[in-house]
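A.B. asks: Encoded as structure tokens, here's the structure I'll be asking about.
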Amino acid sequence: MSLLLYGHPFSSYTQKALIALYENAIGFEFRLLGPDTPEHIGQWLQRWPLGKFPLLVDGDHSVVETSVIIEYLQLKHPGPVRLLPELPMAALDVRFHDRFFDLHVMSPVQHAVAGAMTGDDGKREEARAFAVQKLELAYAWLESQLPGRTWACGDVFSLADCAAAPALFYADWVQRISDDYPLLLDYRQRLLRRPSFARAVNEARSYRHLFPLGAPDRD
């Protein structure tokens with residue numbers, strides 16, 4: 001049985017897993033979760049009733065949480081692109097940056113999106129203001145870390161970059177990365193040029209109208 005991935009193309013965390021699959025050309029079947037595919041929703045919830053995606057299914061084994069999915073792929077379906085270093089301390093640095101992008105970039109974006117989805121203008125503005133404050137702190141810290149680096153943790157594309165790509169993609173839609181952060185802007189552009197992420201972005205283009213804060217006409 002081929003690998004199955006349940007998710008949605010416009011979901012940042014689905015994209016994070018897709019990047020890892022595309023990086024190593026791992027064969028899989030994508031099962032879209034949406035109103036037109038109720039059978040997929042039923043299968044997904046049967047395997048993971050907590051209702052979070054993406055979900056990876058490998059035979060009888062289900063794997064959830066994107067960072068764990070990517071590590072699982074490296075262990076069970078390795079390819080030429082190693083996304084987690086072999087050296088323990090280098091791997092720890094990659095895991096830290098992975099968590100940074102998820103918790104300190106993507107989480108504020110999700111907070112702003114959730115506020116907008118309430119339909120309450122006051123909650124929308126309050127949530128966006130909170131996200132802007134958090135994102136500006138994250139941008140400044142990342143700018144201080146990027147000198148001399150091509151990717152998040154150095155010269156090698158890793159799990160951290162799988163997290164960074166969709167996180168920074170959507171973060172810039174919530175709070176534009178300004179010219180005060182030239183290294184971060186360049187890094188975001190490198191991520192957009194990476195074939196694995198460029199593919200994920202293109203596959204999600206038709207869903208941009210779903211972004212409740214309004215998707216900008218760029219990228």
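So you can find residues: chains in the structure tokens are A, B, ... in the order shown, residues in each start at 1, and ligands are numbered from 1 in order.
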Tell me which protein, DNA and RNA residues are within 9 Å of stretch 108-123 of chain A, counting only C-alpha atoms, leaving out same-chain ones fewer than 4 positions away, and put them as a list in words.
C.D. replies: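 That gives Leu103, His104, Ala127, Arg128, Ala129, Phe130, Ala131, Val132, Gln133, Lys134, Leu135, Ala167, Tyr170, Ala171, Trp173, Val174, Gln175, Phe211, Pro212 and Leu213 of chain A.
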A.B. asks: Output C-alpha atoms of each residue in that selection to a file, as an mmCIF file, in the first residue's frame.
C.D. replies:
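File produced: selection.cif:
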```cif
data_model
loop_
_atom_site.group_PDB
_atom_site.id
_atom_site.type_symbol
_atom_site.label_atom_id
_atom_site.label_comp_id
_atom_site.auth_asym_id
_atom_site.auth_seq_id
_atom_site.Cartn_x
_atom_site.Cartn_y
_atom_site.Cartn_z
ATOM 1 C CA LEU A 103 5.374 28.273 17.764
ATOM 2 C CA HIS A 104 6.616 31.835 17.246
ATOM 3 C CA ALA A 127 -6.036 39.274 17.317
ATOM 4 C CA ARG A 128 -4.145 40.909 14.465
ATOM 5 C CA ALA A 129 -2.472 43.415 16.820
ATOM 6 C CA PHE A 130 -1.338 40.557 19.042
ATOM 7 C CA ALA A 131 0.014 38.669 16.007
ATOM 8 C CA VAL A 132 1.853 41.727 14.697
ATOM 9 C CA GLN A 133 3.634 42.210 18.028
ATOM 10 C CA LYS A 134 4.702 38.572 18.170
ATOM 11 C CA LEU A 135 5.756 38.428 14.532
ATOM 12 C CA ALA A 167 5.205 29.892 8.250
ATOM 13 C CA TYR A 170 1.663 33.279 5.547
ATOM 14 C CA ALA A 171 3.288 35.491 8.193
ATOM 15 C CA TRP A 173 0.498 38.135 4.578
ATOM 16 C CA VAL A 174 -0.420 39.050 8.154
ATOM 17 C CA GLN A 175 2.482 41.426 8.854
ATOM 18 C CA PHE A 211 -7.664 33.460 3.607
ATOM 19 C CA PRO A 212 -9.902 35.494 5.936
ATOM 20 C CA LEU A 213 -7.546 38.477 6.187
#
```
A.B. asks: Could you pull out the residues in stretch 9-163 of chain A that DSSP calls alpha helix (DSSP H) from the backbone, as a ChimeraX atom specification?
C.D. replies: /A:12-23,38-47,66-76,88-100,107-117,121-145,159-163
A.B. asks: So, with only C-alpha atoms as the atoms that count, which of A:Ala204, A:Glu126, A:Asp172, A:Leu183 lies closest to A:Gly7?
C.D. replies: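 That would be A:Ala204, the residue with the smallest distance to A:Gly7.
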A.B. asks: Which residue, A:Leu50, A:Leu56, A:Leu3, A:Ala17, has the smallest gap to A:Glu29 when you use only C-alpha atoms?
C.D. replies: A:Leu3
A.B. asks: I need the strand (DSSP E) residues of stretch 52-200 of chain A per DSSP on the backbone, written as a list in words.
C.D. replies: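 Answer for stretch 52-200 of chain A restricted to strand (DSSP E) is Leu55, Leu56, Val57, Asp58, His61, Ser62, Val63 and Val64 of chain A.
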A.B. asks: Would you export the selected residues with all heavy atoms as a PDB file, in the first residue's frame, please?
C.D. replies:
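Contents of out09.pdb, freshly written:
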```
ATOM      1  N   LEU A  55      -2.366  14.058   8.370  1.00  0.00           N
ATOM      2  CA  LEU A  55      -2.218  12.709   8.908  1.00  0.00           C
ATOM      3  C   LEU A  55      -1.547  11.869   7.832  1.00  0.00           C
ATOM      4  O   LEU A  55      -1.996  11.857   6.677  1.00  0.00           O
ATOM      5  CB  LEU A  55      -3.580  12.126   9.252  1.00  0.00           C
ATOM      6  CG  LEU A  55      -3.661  10.602   9.444  1.00  0.00           C
ATOM      7  CD1 LEU A  55      -3.002  10.192  10.757  1.00  0.00           C
ATOM      8  CD2 LEU A  55      -5.108  10.122   9.407  1.00  0.00           C
ATOM      9  N   LEU A  56      -0.479  11.186   8.198  1.00  0.00           N
ATOM     10  CA  LEU A  56       0.203  10.272   7.287  1.00  0.00           C
ATOM     11  C   LEU A  56      -0.176   8.850   7.655  1.00  0.00           C
ATOM     12  O   LEU A  56      -0.134   8.480   8.840  1.00  0.00           O
ATOM     13  CB  LEU A  56       1.724  10.443   7.384  1.00  0.00           C
ATOM     14  CG  LEU A  56       2.562   9.555   6.456  1.00  0.00           C
ATOM     15  CD1 LEU A  56       2.499  10.069   5.019  1.00  0.00           C
ATOM     16  CD2 LEU A  56       4.018   9.488   6.929  1.00  0.00           C
ATOM     17  N   VAL A  57      -0.547   8.053   6.669  1.00  0.00           N
ATOM     18  CA  VAL A  57      -0.870   6.643   6.884  1.00  0.00           C
ATOM     19  C   VAL A  57       0.107   5.806   6.072  1.00  0.00           C
ATOM     20  O   VAL A  57       0.236   5.988   4.860  1.00  0.00           O
ATOM     21  CB  VAL A  57      -2.324   6.322   6.492  1.00  0.00           C
ATOM     22  CG1 VAL A  57      -2.617   4.835   6.691  1.00  0.00           C
ATOM     23  CG2 VAL A  57      -3.302   7.169   7.304  1.00  0.00           C
ATOM     24  N   ASP A  58       0.790   4.915   6.752  1.00  0.00           N
ATOM     25  CA  ASP A  58       1.752   4.014   6.121  1.00  0.00           C
ATOM     26  C   ASP A  58       1.338   2.592   6.473  1.00  0.00           C
ATOM     27  O   ASP A  58       1.661   2.078   7.540  1.00  0.00           O
ATOM     28  CB  ASP A  58       3.162   4.308   6.643  1.00  0.00           C
ATOM     29  CG  ASP A  58       4.230   3.525   5.891  1.00  0.00           C
ATOM     30  OD1 ASP A  58       3.890   2.811   4.919  1.00  0.00           O
ATOM     31  OD2 ASP A  58       5.413   3.629   6.279  1.00  0.00           O
ATOM     32  N   HIS A  61      -0.069   1.867   9.963  1.00  0.00           N
ATOM     33  CA  HIS A  61       0.503   2.806  10.923  1.00  0.00           C
ATOM     34  C   HIS A  61       0.098   4.230  10.582  1.00  0.00           C
ATOM     35  O   HIS A  61       0.241   4.672   9.436  1.00  0.00           O
ATOM     36  CB  HIS A  61       2.027   2.675  10.922  1.00  0.00           C
ATOM     37  CG  HIS A  61       2.701   3.395  12.035  1.00  0.00           C
ATOM     38  ND1 HIS A  61       2.425   3.167  13.361  1.00  0.00           N
ATOM     39  CD2 HIS A  61       3.645   4.379  12.018  1.00  0.00           C
ATOM     40  CE1 HIS A  61       3.173   3.943  14.118  1.00  0.00           C
ATOM     41  NE2 HIS A  61       3.912   4.696  13.325  1.00  0.00           N
ATOM     42  N   SER A  62      -0.424   4.952  11.567  1.00  0.00           N
ATOM     43  CA  SER A  62      -0.792   6.359  11.387  1.00  0.00           C
ATOM     44  C   SER A  62       0.206   7.245  12.113  1.00  0.00           C
ATOM     45  O   SER A  62       0.619   6.941  13.232  1.00  0.00           O
ATOM     46  CB  SER A  62      -2.197   6.621  11.932  1.00  0.00           C
ATOM     47  OG  SER A  62      -3.164   5.898  11.205  1.00  0.00           O
ATOM     48  N   VAL A  63       0.575   8.356  11.476  1.00  0.00           N
ATOM     49  CA  VAL A  63       1.546   9.285  12.049  1.00  0.00           C
ATOM     50  C   VAL A  63       0.957  10.691  11.987  1.00  0.00           C
ATOM     51  O   VAL A  63       0.505  11.136  10.930  1.00  0.00           O
ATOM     52  CB  VAL A  63       2.894   9.257  11.291  1.00  0.00           C
ATOM     53  CG1 VAL A  63       3.949  10.076  12.035  1.00  0.00           C
ATOM     54  CG2 VAL A  63       3.380   7.838  11.073  1.00  0.00           C
ATOM     55  N   VAL A  64       0.978  11.384  13.129  1.00  0.00           N
ATOM     56  CA  VAL A  64       0.461  12.752  13.186  1.00  0.00           C
ATOM     57  C   VAL A  64       1.547  13.677  13.728  1.00  0.00           C
ATOM     58  O   VAL A  64       2.576  13.226  14.221  1.00  0.00           O
ATOM     59  CB  VAL A  64      -0.797  12.847  14.069  1.00  0.00           C
ATOM     60  CG1 VAL A  64      -1.944  12.076  13.451  1.00  0.00           C
ATOM     61  CG2 VAL A  64      -0.521  12.344  15.476  1.00  0.00           C
TER      62      VAL A  64
END
```
A.B. asks: Taking only residues of stretch 56-111 of chain A that have an atom at most 7 Å from an atom of stretch 158-162 of chain A, what is each one's shortest atom pair and its distance in Å to one decimal, using only C-alpha atoms, in chain and number order, as JSON lines?
C.D. replies:
```
{"residue": "A:Leu83", "atom": "CA", "partner": "A:Ser158", "partner_atom": "CA", "distance": 4.1}
{"residue": "A:Leu84", "atom": "CA", "partner": "A:Ser158", "partner_atom": "CA", "distance": 6.0}
{"residue": "A:Val94", "atom": "CA", "partner": "A:Ala160", "partner_atom": "CA", "distance": 5.5}
{"residue": "A:Arg95", "atom": "CA", "partner": "A:Ala160", "partner_atom": "CA", "distance": 6.7}
{"residue": "A:His97", "atom": "CA", "partner": "A:Ala160", "partner_atom": "CA", "distance": 5.4}
{"residue": "A:Asp98", "atom": "CA", "partner": "A:Ala160", "partner_atom": "CA", "distance": 4.2}
```
